[in-house]
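Below is start_30.csv, holding CSV, N, CA and C atoms.
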chain,number,residue,atom,x,y,z
T,973,MET,N,10.6,-17.4,-2.2
T,973,MET,CA,9.5,-16.4,-2.2
T,973,MET,C,10.0,-15.1,-1.7
T,974,LYS,N,11.0,-15.0,-0.8
T,974,LYS,CA,11.5,-13.7,-0.3
T,974,LYS,C,11.9,-12.8,-1.5
T,975,PRO,N,12.6,-13.3,-2.5
T,975,PRO,CA,13.0,-12.3,-3.5
T,975,PRO,C,11.8,-11.7,-4.2
T,976,VAL,N,10.8,-12.5,-4.4
T,976,VAL,CA,9.6,-11.9,-5.1
T,976,VAL,C,8.9,-10.9,-4.2
T,977,LYS,N,8.8,-11.2,-2.9
T,977,LYS,CA,8.2,-10.3,-2.0
T,977,LYS,C,8.9,-9.0,-1.9
T,978,ILE,N,10.2,-9.0,-1.7
T,978,ILE,CA,11.0,-7.8,-1.6
T,978,ILE,C,11.0,-7.0,-2.9
T,979,THR,N,11.0,-7.7,-4.0
T,979,THR,CA,10.9,-7.0,-5.3
T,979,THR,C,9.6,-6.3,-5.4
T,980,VAL,N,8.5,-6.9,-5.1
T,980,VAL,CA,7.2,-6.3,-5.1
T,980,VAL,C,7.1,-5.1,-4.1
T,981,ASP,N,7.7,-5.3,-2.9
T,981,ASP,CA,7.7,-4.2,-1.9
T,981,ASP,C,8.5,-3.0,-2.4
T,982,MET,N,9.6,-3.2,-3.0
T,982,MET,CA,10.5,-2.1,-3.5
T,982,MET,C,9.8,-1.4,-4.6
T,983,ALA,N,9.2,-2.2,-5.5
T,983,ALA,CA,8.4,-1.6,-6.7
T,983,ALA,C,7.3,-0.8,-6.1
T,984,MET,N,6.6,-1.3,-5.1
T,984,MET,CA,5.4,-0.5,-4.6
T,984,MET,C,5.9,0.8,-4.0
T,985,LEU,N,7.1,0.8,-3.3
T,985,LEU,CA,7.6,2.0,-2.7
T,985,LEU,C,8.0,3.0,-3.8
T,986,VAL,N,8.6,2.5,-4.9
T,986,VAL,CA,9.0,3.4,-6.0
T,986,VAL,C,7.7,4.1,-6.6
T,987,PHE,N,6.7,3.2,-6.9
T,987,PHE,CA,5.5,3.8,-7.6
T,987,PHE,C,4.7,4.7,-6.7
T,988,ILE,N,4.7,4.4,-5.4
T,988,ILE,CA,3.9,5.3,-4.5
T,988,ILE,C,4.6,6.7,-4.4
T,989,VAL,N,5.9,6.7,-4.4
T,989,VAL,CA,6.7,7.9,-4.4
T,989,VAL,C,6.4,8.7,-5.7
T,990,LEU,N,6.5,7.9,-6.9
T,990,LEU,CA,6.2,8.6,-8.2
T,990,LEU,C,4.8,9.1,-8.2
T,991,SER,N,3.8,8.4,-7.6
T,991,SER,CA,2.4,8.9,-7.7
T,991,SER,C,2.3,10.2,-6.9
T,992,LEU,N,3.2,10.5,-6.0
T,992,LEU,CA,3.1,11.7,-5.2
T,992,LEU,C,3.6,13.0,-5.9
T,993,LEU,N,4.3,12.7,-7.0
T,993,LEU,CA,4.8,13.9,-7.8
T,993,LEU,C,3.7,14.7,-8.4
T,994,ARG,N,3.9,16.0,-8.4
T,994,ARG,CA,2.9,16.9,-8.9
T,994,ARG,C,2.9,16.9,-10.5
T,995,TRP,N,1.8,17.1,-11.1
T,995,TRP,CA,1.7,17.3,-12.5
T,995,TRP,C,1.0,18.6,-12.8
T,996,ASP,N,1.3,19.1,-14.0
T,996,ASP,CA,0.7,20.3,-14.4
T,996,ASP,C,-0.5,20.1,-15.4
T,997,GLY,N,-1.7,20.1,-14.9
T,997,GLY,CA,-2.8,19.9,-15.7
T,997,GLY,C,-3.2,18.5,-16.1
T,998,ASP,N,-2.3,17.8,-16.8
T,998,ASP,CA,-2.6,16.4,-17.3
T,998,ASP,C,-2.2,15.4,-16.2
T,999,PRO,N,-3.2,14.7,-15.7
T,999,PRO,CA,-2.9,13.7,-14.6
T,999,PRO,C,-2.5,12.3,-15.2
T,1000,THR,N,-2.2,12.2,-16.5
T,1000,THR,CA,-1.9,10.9,-17.1
T,1000,THR,C,-0.8,10.1,-16.3
T,1001,PHE,N,0.3,10.8,-16.0
T,1001,PHE,CA,1.4,10.2,-15.3
T,1001,PHE,C,0.9,9.6,-13.9
T,1002,HIS,N,0.1,10.4,-13.2
T,1002,HIS,CA,-0.4,10.0,-11.9
T,1002,HIS,C,-1.3,8.8,-12.0
T,1003,ILE,N,-2.2,8.8,-13.0
T,1003,ILE,CA,-3.1,7.7,-13.2
T,1003,ILE,C,-2.3,6.5,-13.6
T,1004,THR,N,-1.3,6.6,-14.4
T,1004,THR,CA,-0.5,5.4,-14.8
T,1004,THR,C,0.3,4.8,-13.6
T,1005,VAL,N,1.0,5.6,-12.9
T,1005,VAL,CA,1.8,5.1,-11.8
T,1005,VAL,C,0.9,4.6,-10.6
T,1006,GLY,N,-0.2,5.3,-10.4
T,1006,GLY,CA,-1.2,4.9,-9.4
T,1006,GLY,C,-1.8,3.6,-9.8
T,1007,SER,N,-2.1,3.3,-11.0
T,1007,SER,CA,-2.6,2.1,-11.5
T,1007,SER,C,-1.6,0.9,-11.3
T,1008,ILE,N,-0.3,1.2,-11.6
T,1008,ILE,CA,0.7,0.2,-11.4
T,1008,ILE,C,0.9,-0.1,-9.9
T,1009,PHE,N,0.8,1.0,-9.1
T,1009,PHE,CA,0.9,0.8,-7.6
T,1009,PHE,C,-0.3,-0.1,-7.1
T,1010,SER,N,-1.5,0.2,-7.7
T,1010,SER,CA,-2.7,-0.6,-7.3
T,1010,SER,C,-2.5,-2.1,-7.6
T,1011,ILE,N,-2.0,-2.4,-8.8
T,1011,ILE,CA,-1.7,-3.8,-9.1
T,1011,ILE,C,-0.7,-4.4,-8.2
T,1012,LEU,N,0.4,-3.7,-7.9
T,1012,LEU,CA,1.4,-4.2,-7.0
T,1012,LEU,C,0.8,-4.4,-5.6
T,1013,PHE,N,-0.1,-3.5,-5.1
T,1013,PHE,CA,-0.7,-3.6,-3.8
T,1013,PHE,C,-1.5,-4.9,-3.8
T,1014,ILE,N,-2.2,-5.2,-4.8
T,1014,ILE,CA,-3.0,-6.4,-4.9
T,1014,ILE,C,-2.1,-7.7,-4.8
T,1015,VAL,N,-1.0,-7.6,-5.6
T,1015,VAL,CA,0.0,-8.7,-5.6
T,1015,VAL,C,0.6,-8.9,-4.2
T,1016,HIS,N,0.9,-7.8,-3.6
T,1016,HIS,CA,1.5,-7.8,-2.2
T,1016,HIS,C,0.5,-8.5,-1.3
T,1017,PHE,N,-0.8,-8.1,-1.4
T,1017,PHE,CA,-1.8,-8.7,-0.5
T,1017,PHE,C,-1.9,-10.2,-0.7
T,1018,ILE,N,-1.9,-10.6,-2.0
T,1018,ILE,CA,-2.0,-12.0,-2.3
T,1018,ILE,C,-0.8,-12.8,-1.8
T,1019,LEU,N,0.4,-12.2,-1.9
T,1019,LEU,CA,1.6,-12.9,-1.4
T,1019,LEU,C,1.6,-13.0,0.1
T,1020,ASN,N,0.9,-12.1,0.8
T,1020,ASN,CA,0.9,-12.1,2.2
T,1020,ASN,C,-0.4,-12.5,2.8
T,1021,PHE,N,-1.3,-13.1,2.0
T,1021,PHE,CA,-2.6,-13.4,2.4
T,1021,PHE,C,-2.6,-14.5,3.6
T,1022,ARG,N,-1.9,-15.6,3.4
T,1022,ARG,CA,-1.9,-16.6,4.4
T,1022,ARG,C,-1.4,-16.1,5.8
T,1023,PRO,N,-0.3,-15.4,5.9
T,1023,PRO,CA,0.1,-14.9,7.2
T,1023,PRO,C,-1.0,-13.9,7.7
T,1024,PHE,N,-1.6,-13.1,6.9
T,1024,PHE,CA,-2.7,-12.2,7.3
T,1024,PHE,C,-3.8,-13.0,7.9
T,1025,ILE,N,-4.3,-14.0,7.3
T,1025,ILE,CA,-5.4,-14.9,7.8
T,1025,ILE,C,-5.0,-15.6,9.1
T,1026,LYS,N,-3.7,-16.1,9.1
T,1026,LYS,CA,-3.3,-16.8,10.4
T,1026,LYS,C,-3.3,-15.8,11.5
T,1027,MET,N,-2.8,-14.5,11.3
T,1027,MET,CA,-2.9,-13.5,12.4
T,1027,MET,C,-4.3,-13.3,12.8
T,1028,ALA,N,-5.2,-13.2,11.9
T,1028,ALA,CA,-6.6,-13.0,12.3
T,1028,ALA,C,-7.2,-14.1,13.1
T,1029,GLU,N,-6.8,-15.3,12.8
T,1029,GLU,CA,-7.3,-16.5,13.5
T,1029,GLU,C,-6.7,-16.5,14.9
T,1030,LYS,N,-5.5,-16.1,15.1
T,1030,LYS,CA,-4.8,-16.1,16.4
T,1030,LYS,C,-4.8,-14.7,17.1
T,1031,PHE,N,-5.6,-13.8,16.7
T,1031,PHE,CA,-5.5,-12.4,17.1
T,1031,PHE,C,-5.5,-12.3,18.6
T,1032,GLY,N,-6.4,-13.0,19.3
T,1032,GLY,CA,-6.5,-12.9,20.8
T,1032,GLY,C,-5.3,-13.4,21.5
T,1033,LYS,N,-4.5,-14.2,20.9
T,1033,LYS,CA,-3.3,-14.8,21.5
T,1033,LYS,C,-2.0,-14.1,21.2
T,1034,LEU,N,-2.1,-13.1,20.3
T,1034,LEU,CA,-0.9,-12.4,19.8
T,1034,LEU,C,-0.4,-11.4,20.8
T,1035,LYS,N,0.9,-11.1,20.7
T,1035,LYS,CA,1.5,-10.1,21.5
T,1035,LYS,C,1.0,-8.7,21.0
T,1036,ILE,N,1.0,-7.7,21.9
T,1036,ILE,CA,0.5,-6.4,21.5
T,1036,ILE,C,1.2,-5.8,20.3
T,1037,GLN,N,2.5,-6.1,20.1
T,1037,GLN,CA,3.2,-5.5,19.0
T,1037,GLN,C,2.7,-6.1,17.7
T,1038,ILE,N,2.4,-7.4,17.7
T,1038,ILE,CA,1.9,-8.1,16.5
T,1038,ILE,C,0.4,-7.7,16.2
T,1039,LYS,N,-0.4,-7.5,17.3
T,1039,LYS,CA,-1.7,-6.9,17.1
T,1039,LYS,C,-1.7,-5.6,16.5
T,1040,LEU,N,-0.8,-4.7,16.9
T,1040,LEU,CA,-0.7,-3.4,16.3
T,1040,LEU,C,-0.3,-3.5,14.8
T,1041,GLN,N,0.6,-4.4,14.5
T,1041,GLN,CA,1.0,-4.6,13.1
T,1041,GLN,C,-0.3,-5.0,12.3
T,1042,TYR,N,-1.1,-5.9,12.9
T,1042,TYR,CA,-2.3,-6.4,12.2
T,1042,TYR,C,-3.3,-5.3,12.0
T,1043,ILE,N,-3.4,-4.4,13.0
T,1043,ILE,CA,-4.4,-3.3,12.9
T,1043,ILE,C,-3.9,-2.3,11.8
T,1044,VAL,N,-2.6,-2.1,11.8
T,1044,VAL,CA,-2.1,-1.2,10.7
T,1044,VAL,C,-2.3,-1.8,9.4
T,1045,ASP,N,-2.2,-3.1,9.2
T,1045,ASP,CA,-2.4,-3.8,8.0
T,1045,ASP,C,-3.9,-3.7,7.5
T,1046,VAL,N,-4.8,-3.9,8.5
T,1046,VAL,CA,-6.2,-3.7,8.2
T,1046,VAL,C,-6.5,-2.3,7.8
T,1047,LEU,N,-6.0,-1.3,8.5
T,1047,LEU,CA,-6.2,0.1,8.1
T,1047,LEU,C,-5.6,0.4,6.7
T,1048,LEU,N,-4.5,-0.2,6.4
T,1048,LEU,CA,-3.9,0.0,5.1
T,1048,LEU,C,-4.8,-0.5,4.0
T,1049,ILE,N,-5.4,-1.7,4.2
T,1049,ILE,CA,-6.3,-2.3,3.2
T,1049,ILE,C,-7.5,-1.4,3.1
T,1050,LEU,N,-8.1,-0.9,4.2
T,1050,LEU,CA,-9.3,-0.1,4.1
T,1050,LEU,C,-9.0,1.3,3.4
T,1051,ILE,N,-8.0,1.9,3.9
T,1051,ILE,CA,-7.6,3.2,3.3
T,1051,ILE,C,-7.3,3.1,1.8
T,1052,TRP,N,-6.5,2.2,1.4
T,1052,TRP,CA,-6.1,2.1,0.0
T,1052,TRP,C,-7.3,1.6,-0.9
T,1053,THR,N,-8.2,0.8,-0.3
T,1053,THR,CA,-9.4,0.5,-1.1
T,1053,THR,C,-10.2,1.7,-1.4
T,1054,ILE,N,-10.4,2.6,-0.4
T,1054,ILE,CA,-11.1,3.8,-0.7
T,1054,ILE,C,-10.3,4.7,-1.6
T,1055,VAL,N,-9.0,4.8,-1.4
T,1055,VAL,CA,-8.2,5.7,-2.3
T,1055,VAL,C,-8.3,5.2,-3.8
T,1056,PHE,N,-8.2,3.8,-3.9
T,1056,PHE,CA,-8.3,3.3,-5.3
T,1056,PHE,C,-9.7,3.6,-5.9
T,1057,ALA,N,-10.7,3.3,-5.1
T,1057,ALA,CA,-12.1,3.5,-5.7
T,1057,ALA,C,-12.3,5.0,-6.0
T,1058,ALA,N,-11.9,5.9,-5.1
T,1058,ALA,CA,-12.1,7.3,-5.4
T,1058,ALA,C,-11.2,7.8,-6.6
T,1059,GLY,N,-10.0,7.2,-6.7
T,1059,GLY,CA,-9.1,7.5,-7.8
T,1059,GLY,C,-9.7,7.0,-9.1
T,1060,ILE,N,-10.2,5.8,-9.1
T,1060,ILE,CA,-10.8,5.3,-10.4
T,1060,ILE,C,-12.0,6.1,-10.8
T,1061,ILE,N,-12.8,6.5,-9.9
T,1061,ILE,CA,-14.0,7.3,-10.3
T,1061,ILE,C,-13.5,8.7,-10.7
T,1062,ALA,N,-12.6,9.3,-10.0
T,1062,ALA,CA,-12.1,10.6,-10.4
T,1062,ALA,C,-11.4,10.5,-11.8
T,1063,ALA,N,-10.6,9.4,-12.1
T,1063,ALA,CA,-10.0,9.3,-13.3
T,1063,ALA,C,-11.0,9.1,-14.5
T,1064,PHE,N,-12.0,8.3,-14.3
T,1064,PHE,CA,-13.0,8.2,-15.3
T,1064,PHE,C,-13.7,9.5,-15.5
T,1065,ASN,N,-14.0,10.2,-14.5
T,1065,ASN,CA,-14.7,11.5,-14.6
T,1065,ASN,C,-13.8,12.4,-15.4
T,1066,TYR,N,-12.5,12.4,-15.1
T,1066,TYR,CA,-11.6,13.3,-15.8
T,1066,TYR,C,-11.5,12.9,-17.3
T,1067,LEU,N,-11.5,11.6,-17.6
T,1067,LEU,CA,-11.4,11.2,-19.0
T,1067,LEU,C,-12.7,11.5,-19.8
T,1068,SER,N,-13.8,11.5,-19.1
T,1068,SER,CA,-15.1,11.7,-19.8
T,1068,SER,C,-15.4,13.2,-19.8
T,1069,THR,N,-15.1,14.0,-18.8
T,1069,THR,CA,-15.5,15.4,-18.7
T,1069,THR,C,-14.4,16.4,-18.8
T,1070,GLY,N,-13.2,15.9,-18.5
T,1070,GLY,CA,-12.0,16.8,-18.5
T,1070,GLY,C,-11.8,17.5,-17.2
T,1071,SER,N,-12.6,17.1,-16.2
T,1071,SER,CA,-12.3,17.7,-14.8
T,1071,SER,C,-12.6,16.6,-13.8
T,1072,PHE,N,-12.0,16.8,-12.6
T,1072,PHE,CA,-12.2,15.9,-11.5
T,1072,PHE,C,-13.4,16.3,-10.8
T,1073,SER,N,-14.0,15.2,-10.2
T,1073,SER,CA,-15.1,15.5,-9.2
T,1073,SER,C,-14.4,16.0,-7.9
T,1074,HIS,N,-14.6,17.2,-7.5
T,1074,HIS,CA,-13.8,17.8,-6.4
T,1074,HIS,C,-13.9,17.0,-5.2
T,1075,GLY,N,-15.0,16.5,-4.8
T,1075,GLY,CA,-15.1,15.7,-3.5
T,1075,GLY,C,-14.3,14.5,-3.5
T,1076,LEU,N,-14.5,13.7,-4.6
T,1076,LEU,CA,-13.7,12.4,-4.7
T,1076,LEU,C,-12.3,12.7,-4.9
T,1077,GLY,N,-11.9,13.7,-5.7
T,1077,GLY,CA,-10.5,14.0,-5.9
T,1077,GLY,C,-9.8,14.4,-4.6
T,1078,ARG,N,-10.5,15.2,-3.8
T,1078,ARG,CA,-10.0,15.6,-2.5
T,1078,ARG,C,-9.9,14.4,-1.6
T,1079,LEU,N,-10.9,13.5,-1.5
T,1079,LEU,CA,-10.9,12.3,-0.7
T,1079,LEU,C,-9.7,11.4,-1.1
T,1080,HIS,N,-9.6,11.3,-2.4
T,1080,HIS,CA,-8.4,10.5,-2.9
T,1080,HIS,C,-7.1,11.1,-2.5
T,1081,GLY,N,-6.9,12.4,-2.6
T,1081,GLY,CA,-5.7,13.0,-2.2
T,1081,GLY,C,-5.4,12.9,-0.7
T,1082,VAL,N,-6.4,13.2,0.1
T,1082,VAL,CA,-6.2,13.2,1.6
T,1082,VAL,C,-6.0,11.8,2.1
T,1083,LEU,N,-6.8,10.9,1.7
T,1083,LEU,CA,-6.6,9.5,2.2
T,1083,LEU,C,-5.3,8.9,1.6
T,1084,GLY,N,-4.9,9.3,0.4
T,1084,GLY,CA,-3.7,8.8,-0.2
T,1084,GLY,C,-2.5,9.3,0.7
T,1085,ARG,N,-2.5,10.5,1.1
T,1085,ARG,CA,-1.4,11.0,2.0
T,1085,ARG,C,-1.5,10.3,3.4
T,1086,ILE,N,-2.7,10.1,3.9
T,1086,ILE,CA,-2.8,9.3,5.2
T,1086,ILE,C,-2.3,7.9,5.0
T,1087,GLY,N,-2.6,7.3,3.8
T,1087,GLY,CA,-2.2,6.0,3.5
T,1087,GLY,C,-0.7,5.9,3.4
T,1088,CYS,N,0.0,6.9,2.9
T,1088,CYS,CA,1.4,7.0,2.8
T,1088,CYS,C,2.0,7.0,4.2
T,1089,GLY,N,1.4,7.7,5.1
T,1089,GLY,CA,1.8,7.7,6.5
T,1089,GLY,C,1.8,6.3,7.1
T,1090,PHE,N,0.7,5.6,6.8
T,1090,PHE,CA,0.5,4.3,7.4
T,1090,PHE,C,1.5,3.3,6.7
T,1091,ILE,N,1.9,3.5,5.4
T,1091,ILE,CA,2.9,2.7,4.8
T,1091,ILE,C,4.2,2.9,5.5
T,1092,GLY,N,4.5,4.2,5.9
T,1092,GLY,CA,5.7,4.5,6.7
T,1092,GLY,C,5.7,3.7,8.0
T,1093,ILE,N,4.6,3.7,8.7
T,1093,ILE,CA,4.4,3.0,10.0
T,1093,ILE,C,4.6,1.5,9.7
T,1094,HIS,N,4.0,1.0,8.6
T,1094,HIS,CA,4.1,-0.4,8.3
T,1094,HIS,C,5.6,-0.8,8.0
T,1095,ILE,N,6.3,0.0,7.3
T,1095,ILE,CA,7.7,-0.2,7.0
T,1095,ILE,C,8.5,-0.3,8.3
T,1096,ILE,N,8.3,0.7,9.2
T,1096,ILE,CA,9.0,0.7,10.5
T,1096,ILE,C,8.7,-0.5,11.3
T,1097,GLN,N,7.4,-1.0,11.3
T,1097,GLN,CA,7.0,-2.2,12.0
T,1097,GLN,C,7.8,-3.4,11.5
T,1098,HIS,N,8.1,-3.4,10.3
T,1098,HIS,CA,8.7,-4.6,9.7
T,1098,HIS,C,10.2,-4.4,9.4
T,1099,ILE,N,10.8,-3.4,10.0
T,1099,ILE,CA,12.2,-3.1,9.6
T,1099,ILE,C,13.2,-4.2,9.8
T,1100,LYS,N,13.0,-5.0,10.9
T,1100,LYS,CA,13.9,-6.2,11.1
T,1100,LYS,C,13.8,-7.2,10.0
T,1101,GLN,N,12.6,-7.5,9.6
T,1101,GLN,CA,12.3,-8.4,8.5
T,1101,GLN,C,12.9,-7.8,7.2
T,1102,ILE,N,12.7,-6.6,6.9
T,1102,ILE,CA,13.2,-5.9,5.7
T,1102,ILE,C,14.7,-6.0,5.7
T,1103,LEU,N,15.4,-5.7,6.8
T,1103,LEU,CA,16.8,-5.7,6.8
T,1103,LEU,C,17.3,-7.1,6.7
T,1104,SER,N,16.6,-8.1,7.1
T,1104,SER,CA,17.0,-9.5,7.0
T,1104,SER,C,17.1,-9.9,5.5
T,1105,TYR,N,16.3,-9.3,4.6
T,1105,TYR,CA,16.3,-9.6,3.2
T,1105,TYR,C,17.7,-9.2,2.6
T,1106,PHE,N,18.3,-8.3,3.2
T,1106,PHE,CA,19.6,-7.7,2.6
T,1106,PHE,C,20.8,-8.2,3.3
T,1107,LYS,N,20.7,-9.1,4.3
T,1107,LYS,CA,21.9,-9.7,4.9
T,1107,LYS,C,22.6,-10.5,4.0
T,1108,VAL,N,23.9,-10.4,4.0
T,1108,VAL,CA,24.8,-11.1,3.1
T,1108,VAL,C,25.2,-12.4,3.8
T,1109,LYS,N,25.0,-13.5,3.1
T,1109,LYS,CA,25.5,-14.8,3.7
T,1109,LYS,C,27.0,-15.0,3.5
T,1110,LYS,N,27.6,-15.5,4.6
T,1110,LYS,CA,29.1,-15.7,4.5
T,1110,LYS,C,29.5,-17.1,4.1
Represent the structure contained in this file as structure tokens.
Amino acid sequence: MKPVKITVDMAMLVFIVLSLLRWDGDPTFHITVGSIFSILFIVHFILNFRPFIKMAEKFGKLKIQIKLQYIVDVLLILIWTIVFAAGIIAAFNYLSTGSFSHGLGRLHGVLGRIGCGFIGIHIIQHIKQILSYFKVKK
């Protein structure tokens, strides 16, 4: 299962970086890579659902470091759910009217950047696990 998880993680990282690229006028590229990132995010959550639920069940007994990881995970889910919803509404608005709804577009952009910051925190929290994926067996 580790190769699947690391592949999904790496693909998510690539697509989130691609989604941050600026475009001139036509947001088709952003919508496409953002949609792919959204699918990968859902797959990531499904692959990590059991550990997430186990952490919730044992939350009171967890060490503070693990509690902080769980809190960051919950914030990532909440932030990206809002980013996805705002992005979908803004994309449909763009496709039907040719312009973005400014409020939702701004919400999508601001929370997307905040979400990227939390992804950075999430990666730092799991750095030992990430590095273990790349250790060479002798």
Nearest to Val1015 (chain T) by atom-to-atom distance, counting only C-alpha atoms, from T:Ser1068, T:Ile1086, T:Thr979, T:Leu1040: T:Thr979
Report the distance between atom C of Leu992 (chain T) and CA of Gly1081 (chain T) in Å, rounded to one decimal place.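 Computing it gives 10.0 Å between the two atoms.
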Of the candidates T:Gly1075, T:His1094, T:Leu985, T:Gly1084, which shows the shortest atom-to-atom distance to Phe1056 (chain T), using all atoms listed in the file?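 Of the candidates, the smallest distance to Phe1056 (chain T) is held by T:Gly1084.
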Can you tell me how far CA of Leu1047 (chain T) sits from CA of Ile1095 (chain T), in Å to one decimal?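 If I compute the distance from CA of Leu1047 (chain T) to CA of Ile1095 (chain T), I get 13.9 Å.
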Pick out the closest residue to Leu1012 (chain T) from this set: T:Ile978, T:Ala1028, T:Ala1062, T:Met984. Count all atoms listed in the file. T:Met984
Distance query region 1005-1008 of chain T at most 6.5 Å, only N, CA and C atoms, self and fewer than 2 positions along chain excluded, as a list in words: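 Listed by chain and then number, they are Phe987, Ile988, Leu990, Ser991, Thr1000, Phe1001, His1002, Ile1003, Ser1010, Ile1011, Leu1012 and Phe1013 of chain T.
Put simply, atom N of Pro1023 (chain T) is 24.1 Å away from atom N of Ala1057 (chain T).
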Minimum-distance residue to His1080 (chain T), chosen among T:Phe1031, T:Val1055, T:Ile1093, T:Phe1064 (using only N, CA and C atoms):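 Selected residue with least distance to His1080 (chain T): T:Val1055.
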Counting only N, CA and C atoms, which of T:Leu1019, T:Ala1063, T:Leu1076, T:Leu1048 gets nearest to Ile1091 (chain T)?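 Result for the nearest residue to Ile1091 (chain T): T:Leu1048.
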Which residue is closest to Ile1054 (chain T)? Choose from T:Leu1083, T:Phe1021, T:Lys1107, T:Val986 and count all atoms listed in the file.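 Residue with the minimum atom-to-atom distance to Ile1054 (chain T): T:Leu1083.
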